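With mmCIF, C-alpha atoms and all ligand atoms inside, this is upload_0.cif:
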data_work
loop_
_atom_site.label_atom_id
_atom_site.label_comp_id
_atom_site.auth_asym_id
_atom_site.auth_seq_id
_atom_site.Cartn_x
_atom_site.Cartn_y
_atom_site.Cartn_z
CA MET A 1 34.00 -3.74 -84.02
CA ALA A 2 30.98 -4.93 -82.04
CA ASP A 3 27.41 -3.90 -82.84
CA LEU A 4 25.91 -0.82 -81.20
CA HIS A 5 23.26 -1.84 -78.66
CA CYS A 6 20.15 0.36 -78.78
CA GLY A 7 17.59 -1.33 -76.57
CA ARG A 8 16.58 -4.53 -78.35
CA TYR A 9 18.08 -3.28 -81.62
CA ARG A 10 21.59 -4.09 -82.83
CA LEU A 11 23.21 -1.73 -85.32
CA PRO A 12 26.11 -3.36 -87.16
CA LEU A 13 29.26 -1.25 -87.29
CA GLU A 14 30.45 -2.64 -90.59
CA ARG A 15 29.23 0.14 -92.88
CA PRO A 16 28.24 3.80 -92.48
CA LEU A 17 24.63 4.35 -91.43
CA ILE A 18 22.21 7.25 -91.71
CA MET A 19 20.42 8.96 -88.85
CA GLY A 20 17.45 10.85 -90.32
CA ILE A 21 16.57 14.14 -88.64
CA LEU A 22 12.92 14.53 -87.64
CA ASN A 23 12.26 17.96 -86.19
CA VAL A 24 8.87 18.36 -84.58
CA THR A 25 8.44 22.10 -84.52
CA PRO A 26 5.43 24.32 -85.21
CA ASP A 27 4.38 24.15 -88.83
CA SER A 28 3.53 27.54 -90.25
CA PHE A 29 1.45 25.95 -93.02
CA SER A 30 -0.88 24.06 -90.73
CA ASP A 31 -3.74 25.57 -88.72
CA GLY A 32 -1.53 25.31 -85.67
CA GLY A 33 -3.30 22.22 -84.37
CA LEU A 34 -1.01 19.86 -82.48
CA PHE A 35 -2.68 16.83 -84.07
CA THR A 36 -1.60 17.96 -87.51
CA GLU A 37 1.94 18.64 -86.39
CA VAL A 38 2.38 15.24 -84.74
CA ASP A 39 0.64 13.48 -87.60
CA ARG A 40 2.89 15.05 -90.19
CA ALA A 41 5.99 14.23 -88.20
CA VAL A 42 5.00 10.56 -87.95
CA GLU A 43 4.35 10.43 -91.68
CA ARG A 44 7.74 12.02 -92.32
CA GLY A 45 9.32 9.45 -90.00
CA PHE A 46 7.96 6.57 -92.07
CA GLN A 47 9.19 8.33 -95.20
CA LEU A 48 12.72 8.60 -93.75
CA MET A 49 12.65 4.86 -93.00
CA GLU A 50 11.74 4.12 -96.62
CA GLN A 51 14.52 6.37 -97.85
CA GLY A 52 17.13 4.38 -95.97
CA ALA A 53 17.50 5.80 -92.48
CA ALA A 54 18.94 3.31 -89.99
CA ILE A 55 17.69 5.39 -87.09
CA ILE A 56 15.45 8.45 -86.67
CA ASP A 57 16.36 11.33 -84.39
CA VAL A 58 13.25 13.06 -83.03
CA GLY A 59 13.74 16.58 -81.66
CA GLY A 60 11.33 19.21 -80.34
CA GLU A 61 13.70 21.93 -79.22
CA SER A 62 15.98 23.76 -81.61
CA THR A 63 19.56 23.94 -80.38
CA ARG A 64 20.58 26.17 -83.26
CA PRO A 65 22.70 29.13 -82.18
CA GLY A 66 20.55 31.73 -80.45
CA ALA A 67 17.28 29.76 -80.74
CA THR A 68 14.53 30.69 -78.28
CA PRO A 69 14.12 28.10 -75.54
CA VAL A 70 11.07 25.83 -75.69
CA PRO A 71 9.21 25.19 -72.40
CA LEU A 72 9.55 21.63 -71.12
CA HIS A 73 5.84 20.81 -71.40
CA GLU A 74 5.86 21.99 -75.00
CA GLU A 75 8.93 19.88 -75.87
CA LEU A 76 7.20 16.84 -74.31
CA ARG A 77 3.95 17.51 -76.18
CA ARG A 78 5.80 17.65 -79.48
CA VAL A 79 8.08 14.62 -79.25
CA ILE A 80 6.46 11.99 -77.04
CA PRO A 81 3.46 11.14 -79.26
CA VAL A 82 5.74 10.98 -82.30
CA ILE A 83 8.15 8.60 -80.57
CA ALA A 84 5.27 6.46 -79.30
CA GLN A 85 3.99 6.01 -82.86
CA LEU A 86 7.38 5.36 -84.50
CA ALA A 87 8.95 3.16 -81.80
CA GLY A 88 8.71 -0.59 -82.00
CA GLY A 89 9.07 -0.55 -85.78
CA PRO A 90 11.94 -1.83 -87.90
CA ILE A 91 14.54 0.71 -86.73
CA PRO A 92 15.45 2.37 -83.44
CA ILE A 93 14.17 5.84 -82.55
CA SER A 94 16.45 8.44 -81.00
CA ILE A 95 15.46 11.41 -78.84
CA ASP A 96 17.37 14.66 -79.31
CA THR A 97 17.11 16.42 -75.97
CA ARG A 98 19.13 18.01 -73.19
CA HIS A 99 16.43 17.55 -70.57
CA VAL A 100 16.21 14.60 -68.18
CA GLU A 101 12.41 14.77 -68.01
CA VAL A 102 12.25 14.39 -71.79
CA MET A 103 14.83 11.56 -71.73
CA GLN A 104 12.72 9.65 -69.21
CA ALA A 105 9.44 10.16 -71.05
CA ALA A 106 11.06 9.28 -74.38
CA LEU A 107 12.53 6.06 -72.97
CA ALA A 108 9.10 5.15 -71.59
CA ALA A 109 7.60 5.84 -75.03
CA GLY A 110 10.12 3.48 -76.68
CA ALA A 111 13.14 5.60 -77.66
CA THR A 112 16.34 3.52 -77.65
CA LEU A 113 19.00 6.18 -78.23
CA ILE A 114 19.53 9.36 -76.24
CA ASN A 115 21.14 12.06 -78.39
CA ASP A 116 22.21 14.75 -75.94
CA VAL A 117 24.17 17.73 -77.27
CA ASN A 118 25.16 18.30 -73.62
CA ALA A 119 26.82 14.86 -73.34
CA LEU A 120 24.73 13.85 -70.28
CA ARG A 121 26.15 16.62 -68.08
CA ALA A 122 22.75 17.53 -66.57
CA PRO A 123 22.10 16.17 -63.06
CA ASN A 124 20.76 12.58 -63.23
CA ALA A 125 21.17 12.31 -66.99
CA LEU A 126 23.89 9.64 -66.71
CA GLU A 127 21.91 7.68 -64.12
CA ILE A 128 18.72 7.70 -66.19
CA CYS A 129 20.56 6.42 -69.24
CA ALA A 130 22.51 3.83 -67.26
CA ALA A 131 19.26 2.46 -65.84
CA SER A 132 17.88 1.98 -69.36
CA ASP A 133 19.20 -0.23 -72.13
CA ALA A 134 19.34 2.62 -74.63
CA ALA A 135 22.43 3.80 -76.48
CA VAL A 136 23.75 7.32 -75.91
CA CYS A 137 25.41 9.87 -78.16
CA LEU A 138 27.91 12.04 -76.30
CA MET A 139 28.56 15.27 -78.20
CA HIS A 140 31.12 18.01 -77.72
CA MET A 141 29.85 21.56 -77.29
CA GLN A 142 31.80 24.59 -76.13
CA GLY A 143 29.56 26.89 -74.06
CA ASN A 144 25.78 26.75 -74.44
CA PRO A 145 23.50 27.20 -77.46
CA LEU A 146 22.60 30.80 -76.61
CA THR A 147 26.14 32.16 -76.78
CA MET A 148 28.35 29.39 -78.17
CA GLN A 149 28.92 31.03 -81.56
CA ASP A 150 29.85 34.46 -80.13
CA ASN A 151 33.60 33.88 -80.05
CA PRO A 152 34.65 30.24 -79.82
CA VAL A 153 38.32 29.86 -78.85
CA TYR A 154 40.58 26.79 -78.76
CA ASP A 155 44.33 26.25 -78.50
CA ASP A 156 43.97 23.01 -80.44
CA VAL A 157 40.41 22.15 -81.39
CA LEU A 158 41.14 18.50 -82.22
CA GLU A 159 42.96 17.84 -78.94
CA GLU A 160 40.32 19.60 -76.87
CA VAL A 161 37.39 17.82 -78.51
CA LYS A 162 39.20 14.50 -78.26
CA GLY A 163 40.00 15.04 -74.57
CA PHE A 164 36.42 15.98 -73.77
CA LEU A 165 34.93 13.01 -75.61
CA SER A 166 37.26 10.43 -74.09
CA GLN A 167 36.56 11.88 -70.64
CA ARG A 168 32.76 11.79 -71.13
CA ALA A 169 32.96 8.24 -72.49
CA ALA A 170 34.94 7.16 -69.42
CA VAL A 171 32.45 8.86 -67.08
CA ALA A 172 29.56 7.18 -68.89
CA GLU A 173 31.18 3.75 -68.57
CA VAL A 174 31.82 4.26 -64.87
CA ALA A 175 28.16 5.20 -64.47
CA GLY A 176 27.22 1.84 -65.97
CA ILE A 177 26.70 2.57 -69.65
CA ALA A 178 28.49 -0.24 -71.45
CA ARG A 179 30.97 0.59 -74.17
CA ASN A 180 28.77 -0.97 -76.86
CA ARG A 181 26.04 1.59 -76.06
CA ILE A 182 28.22 4.68 -76.58
CA LEU A 183 28.56 6.90 -79.65
CA LEU A 184 30.82 9.96 -79.79
CA ASP A 185 30.28 13.16 -81.80
CA PRO A 186 32.59 16.17 -82.28
CA GLY A 187 29.56 18.50 -82.42
CA PHE A 188 30.06 20.45 -85.63
CA GLY A 189 28.75 23.99 -85.22
CA PHE A 190 28.48 23.83 -81.44
CA GLY A 191 30.86 26.52 -80.26
CA LYS A 192 33.09 26.33 -83.37
CA SER A 193 34.18 28.85 -85.98
CA VAL A 194 34.32 27.93 -89.67
CA ALA A 195 38.05 27.21 -89.29
CA HIS A 196 37.42 25.03 -86.21
CA ASN A 197 34.77 23.00 -88.06
CA LEU A 198 37.05 22.50 -91.05
CA ALA A 199 39.97 21.47 -88.85
CA LEU A 200 37.74 18.96 -87.05
CA LEU A 201 36.56 17.43 -90.30
CA ARG A 202 40.09 17.37 -91.70
CA GLY A 203 41.37 15.55 -88.61
CA LEU A 204 38.29 13.47 -87.87
CA ASP A 205 40.25 10.21 -87.97
CA MET A 206 42.12 11.42 -84.87
CA LEU A 207 38.84 11.22 -82.96
CA ALA A 208 38.15 7.64 -83.97
CA MET A 209 39.60 6.29 -80.75
CA GLY A 210 38.91 3.61 -78.23
CA GLY A 211 36.63 1.74 -80.57
CA TYR A 212 33.73 4.13 -80.05
CA PRO A 213 31.78 4.74 -83.24
CA LEU A 214 31.64 8.35 -84.43
CA LEU A 215 28.46 10.20 -85.30
CA VAL A 216 28.84 13.27 -87.49
CA GLY A 217 26.29 16.03 -88.06
CA LEU A 218 27.22 18.46 -90.80
CA SER A 219 23.95 18.44 -92.73
CA ARG A 220 23.06 21.93 -94.01
CA LYS A 221 25.22 23.54 -91.32
CA SER A 222 26.52 27.10 -91.52
CA VAL A 223 30.11 26.02 -92.15
CA LEU A 224 28.84 24.67 -95.48
CA GLY A 225 27.07 27.96 -96.12
CA ALA A 226 30.33 29.78 -95.42
CA VAL A 227 32.18 27.61 -97.93
CA THR A 228 29.55 27.47 -100.71
CA GLY A 229 27.71 30.75 -100.23
CA GLN A 230 24.42 28.81 -100.29
CA ALA A 231 21.35 29.34 -98.10
CA VAL A 232 20.23 26.50 -95.82
CA ALA A 233 17.81 24.93 -98.31
CA ASP A 234 20.50 24.84 -101.02
CA ARG A 235 23.19 23.10 -98.99
CA VAL A 236 22.32 19.54 -100.00
CA SER A 237 25.25 18.98 -102.36
CA GLY A 238 27.68 20.58 -99.90
CA SER A 239 26.23 18.31 -97.21
CA ILE A 240 26.79 15.23 -99.37
CA ALA A 241 30.41 16.21 -99.97
CA ALA A 242 30.93 16.75 -96.24
CA ALA A 243 29.25 13.43 -95.44
CA LEU A 244 31.58 11.53 -97.78
CA LEU A 245 34.65 13.34 -96.43
CA ALA A 246 33.55 12.32 -92.93
CA VAL A 247 33.01 8.69 -93.95
CA MET A 248 36.45 8.63 -95.58
CA ARG A 249 37.87 9.66 -92.21
CA GLY A 250 36.07 7.01 -90.23
CA ALA A 251 32.60 8.38 -89.42
CA TRP A 252 30.16 5.55 -88.79
CA MET A 253 26.89 7.41 -88.62
CA LEU A 254 25.72 10.55 -90.43
CA ARG A 255 22.97 12.72 -88.97
CA VAL A 256 21.26 14.22 -92.02
CA HIS A 257 18.13 15.98 -93.27
CA ASP A 258 18.42 14.61 -96.83
CA VAL A 259 18.26 10.87 -96.28
CA ALA A 260 17.58 9.73 -99.85
CA ALA A 261 20.41 11.79 -101.34
CA THR A 262 22.84 10.67 -98.63
CA ALA A 263 21.85 7.02 -99.10
CA ASN A 264 22.68 7.27 -102.82
CA ALA A 265 26.05 8.87 -102.10
CA LEU A 266 26.84 6.16 -99.55
CA ALA A 267 25.85 3.42 -101.99
CA VAL A 268 28.43 4.75 -104.47
CA TRP A 269 31.05 5.08 -101.74
CA GLN A 270 30.29 1.57 -100.51
CA ALA A 271 30.62 0.10 -104.00
CA VAL A 272 34.07 1.65 -104.49
CA GLU A 273 35.58 1.77 -101.01
CA GLY A 274 33.41 -0.40 -98.79
CA ASP A 275 35.91 -3.22 -98.64
CA ASN A 276 38.91 -0.95 -98.03
CA ARG A 277 37.62 0.82 -94.99
CA PRO A 278 40.27 1.80 -92.42
C1 LIG B 301 23.81 17.80 -84.04
C2 LIG B 301 22.90 17.22 -83.14
C3 LIG B 301 22.09 19.10 -83.88
C4 LIG B 301 25.03 17.13 -84.28
C5 LIG B 301 24.28 15.42 -82.77
C6 LIG B 301 21.46 21.02 -86.67
C7 LIG B 301 20.67 17.82 -82.22
C8 LIG B 301 21.66 21.47 -85.29
N1 LIG B 301 23.27 18.98 -84.50
N2 LIG B 301 23.13 16.04 -82.51
N3 LIG B 301 21.83 18.05 -83.05
N4 LIG B 301 25.22 15.95 -83.62
N5 LIG B 301 24.55 14.24 -82.17
O1 LIG B 301 21.78 21.86 -87.56
O2 LIG B 301 25.92 17.57 -85.01
O3 LIG B 301 20.96 19.94 -86.94
S1 LIG B 301 20.95 20.42 -84.05
#
Would you encode the structure as structure tokens?
Ligand code: 8Y7
Amino acid sequence: MADLHCGRYRLPLERPLIMGILNVTPDSFSDGGLFTEVDRAVERGFQLMEQGAAIIDVGGESTRPGATPVPLHEELRRVIPVIAQLAGGPIPISIDTRHVEVMQAALAAGATLINDVNALRAPNALEICAASDAAVCLMHMQGNPLTMQDNPVYDDVLEEVKGFLSQRAAVAEVAGIARNRILLDPGFGFGKSVAHNLALLRGLDMLAMGGYPLLVGLSRKSVLGAVTGQAVADRVSGSIAAALLAVMRGAWMLRVHDVAATANALAVWQAVEGDNRP
């Protein structure tokens, strides 16, 4: 498989990589000053690089089920200074946003991957990405973050996610986003019941189609809480198990909170299975 093109960066597709999550949200321990918040996020970004992240995903708006919306100017104030300080370093920086204004500002600040849980369905989102040289992650979501977990229904979750992703990839290519800039993601937890999430993970290899690399985000998610009975902060070991199961089924990138622990797990996997990858 060819490398993923993220701006001037090239990410080799030969072994699984880690995307470190960097949430820039108000810090209840600080005095509420924006400087502190941005500063801490940048420091955390450098820490994630040291721990083995191949890319850092900066987000300023929670898309967790039922989260309160963040005004656009606030999302911009949180993420843009962080991206500006982390971009241009050894690894590419990703922006996690659904908003075209944030995509544009993030690209200008040096982001080279657009991680959009809405799969570039907003007006102009495709055009903005096509005009850049950034990579894009196209993720499946049923419904919208406010109501998506109310009662998700599928006839066949694997077929429906697969159909959506191949359609969005085709639309992105027609819009001018080259194949080697596209990542696909089944969107664990985005309009999916526990059973849907487990079925998607079980059949993940069915989604590895068309040569597009797969990104998987299961880190600390509620499906793992449902299985283990653990609260969010205690889902690290469940997350590691899920990450390895995903890699065994062809995932190429893992979006995780716990970069150091995931890097160790991947090192063990790589030592045993790295040469036998499907
Ligand atoms: C995912 C994601 C979230 C995911 C991609 C969380 C922003 C919820 N999950 N992006 N974002 N894939 N591509 O728990 O699974 O991290 S937010």
- [ ] Please check which residues have atoms at most 10 Å from (2.9, 18.8, -78.7) in the file's coordinates, counting all atoms listed in the file, and write them as a list in words.
- [x]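 Every polymer residue passing the test: Val24, Thr25, Pro26, Gly33, Leu34, Phe35, Thr36, Glu37, Val38, Gly60, His73, Glu74, Glu75, Leu76, Arg77, Arg78, Val79, Ile80, Pro81 and Val82 of chain A.
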- [ ] With a distance cut-off of 8 Å and all atoms listed in the file, select the neighbouring residues of region 102-106 of chain A, excluding the residue or stretch itself and same-chain residues fewer than 4 positions from it, and output the selection as a PyMOL selection string.
- [x] chain A and resi 72+75-76+79-80+83+95+97-98+110-111+114+125+128
Take the residues from that selection and put them in a file with C-alpha atoms, as an mmCIF file, in the frame of the given file.
data_model
loop_
_atom_site.group_PDB
_atom_site.id
_atom_site.type_symbol
_atom_site.label_atom_id
_atom_site.label_comp_id
_atom_site.auth_asym_id
_atom_site.auth_seq_id
_atom_site.Cartn_x
_atom_site.Cartn_y
_atom_site.Cartn_z
ATOM 1 C CA LEU A 72 9.550 21.630 -71.120
ATOM 2 C CA GLU A 75 8.930 19.880 -75.870
ATOM 3 C CA LEU A 76 7.200 16.840 -74.310
ATOM 4 C CA VAL A 79 8.080 14.620 -79.250
ATOM 5 C CA ILE A 80 6.460 11.990 -77.040
ATOM 6 C CA ILE A 83 8.150 8.600 -80.570
ATOM 7 C CA ILE A 95 15.460 11.410 -78.840
ATOM 8 C CA THR A 97 17.110 16.420 -75.970
ATOM 9 C CA ARG A 98 19.130 18.010 -73.190
ATOM 10 C CA GLY A 110 10.120 3.480 -76.680
ATOM 11 C CA ALA A 111 13.140 5.600 -77.660
ATOM 12 C CA ILE A 114 19.530 9.360 -76.240
ATOM 13 C CA ALA A 125 21.170 12.310 -66.990
ATOM 14 C CA ILE A 128 18.720 7.700 -66.190
#
TODO: Kindly compile the residues surrounding ligand LIG 301 (chain B) within 10 Å, counting only C-alpha atoms and all ligand atoms, and format them as a PyMOL selection string.
DONE: chain A and resi 19+21-23+57-65+95-98+114-119+136-141+145+183-190+214-222+232+253-257
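With only C-alpha atoms as the basis for measurement, A:Asn180 is the residue among A:Asn180, A:Leu146, A:Leu165, A:Gly45 that approaches Arg10 (chain A) most closely.
Across the model, the gap from CA of Gly66 (chain A) to CA of Leu48 (chain A) is 27.8 Å.
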TODO: Measuring atom to atom with only C-alpha atoms, identify which of A:Arg15, A:Ile91, A:Asp258, A:Glu127 is nearest to Val171 (chain A).
DONE: A:Glu127
TODO: Using CA of Glu273 (chain A) and CA of Arg181 (chain A) as the two end points, give the distance in Å to one decimal.
DONE: 26.7 Å
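Considering the residues A:Arg179, A:His5, A:His196, A:Arg235 and counting all atoms listed in the file, Gly211 (chain A) has its shortest atom-to-atom contact with A:Arg179.
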- [ ] Please indicate the distance in Å from CA of Leu13 (chain A) to CA of Arg168 (chain A), rounded to one decimal place.
- [x]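 Straight-line distance from CA of Leu13 (chain A) to CA of Arg168 (chain A) works out to 21.1 Å.
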TODO: Select all residues near (43.8, 14.8, -77.8) (cut-off 12 Å, inclusive, file coordinates), counting all atoms listed in the file, and output them as a ChimeraX atom specification.
DONE: /A:155-167,200,203-209
Open item on the list: Which residue is closest to Tyr154 (chain A)? Choose from A:Leu126, A:Ala195, A:Val100, A:Ala178 and count only C-alpha atoms.
Closed with: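 Ranked by minimum distance to Tyr154 (chain A), first place goes to A:Ala195.
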Task: Nearby residues (all atoms listed in the file) at most 7 Å from Ile55 (chain A), same-chain spacing under 5 positions excluded, as a ChimeraX atom specification - done: /A:18-20,91-94
- [ ] Go through A:Leu201, A:Cys129, A:Asp275, A:Asn144 one by one, measure the shortest atom-to-atom distance of each to Glu173 (chain A) using only C-alpha atoms, and give the residue with the smallest value.
- [x]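 Ranked by minimum distance to Glu173 (chain A), first place goes to A:Cys129.
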Task: Among the residues A:Ser193, A:Ser132, A:Thr228, A:Gln47, the one that comes closest to Val153 (chain A) [using all atoms listed in the file] - done: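 Of the candidates, the smallest distance to Val153 (chain A) is held by A:Ser193.
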- [ ] Please provide the set of residues having any atom within 8 Å of Val223 (chain A), restricted to only C-alpha atoms, with same-chain residues fewer than 3 positions apart removed, written as a ChimeraX atom specification.
- [x] /A:189,193-194,197-198,226-227
- [ ] Can you pull out every residue within 10 Å of Glu50 (chain A), counting all atoms listed in the file, but drop anything in the same chain fewer than 5 positions away, and send it as a VMD selection string?
- [x] chain A and resid 44 to 45 259 to 260
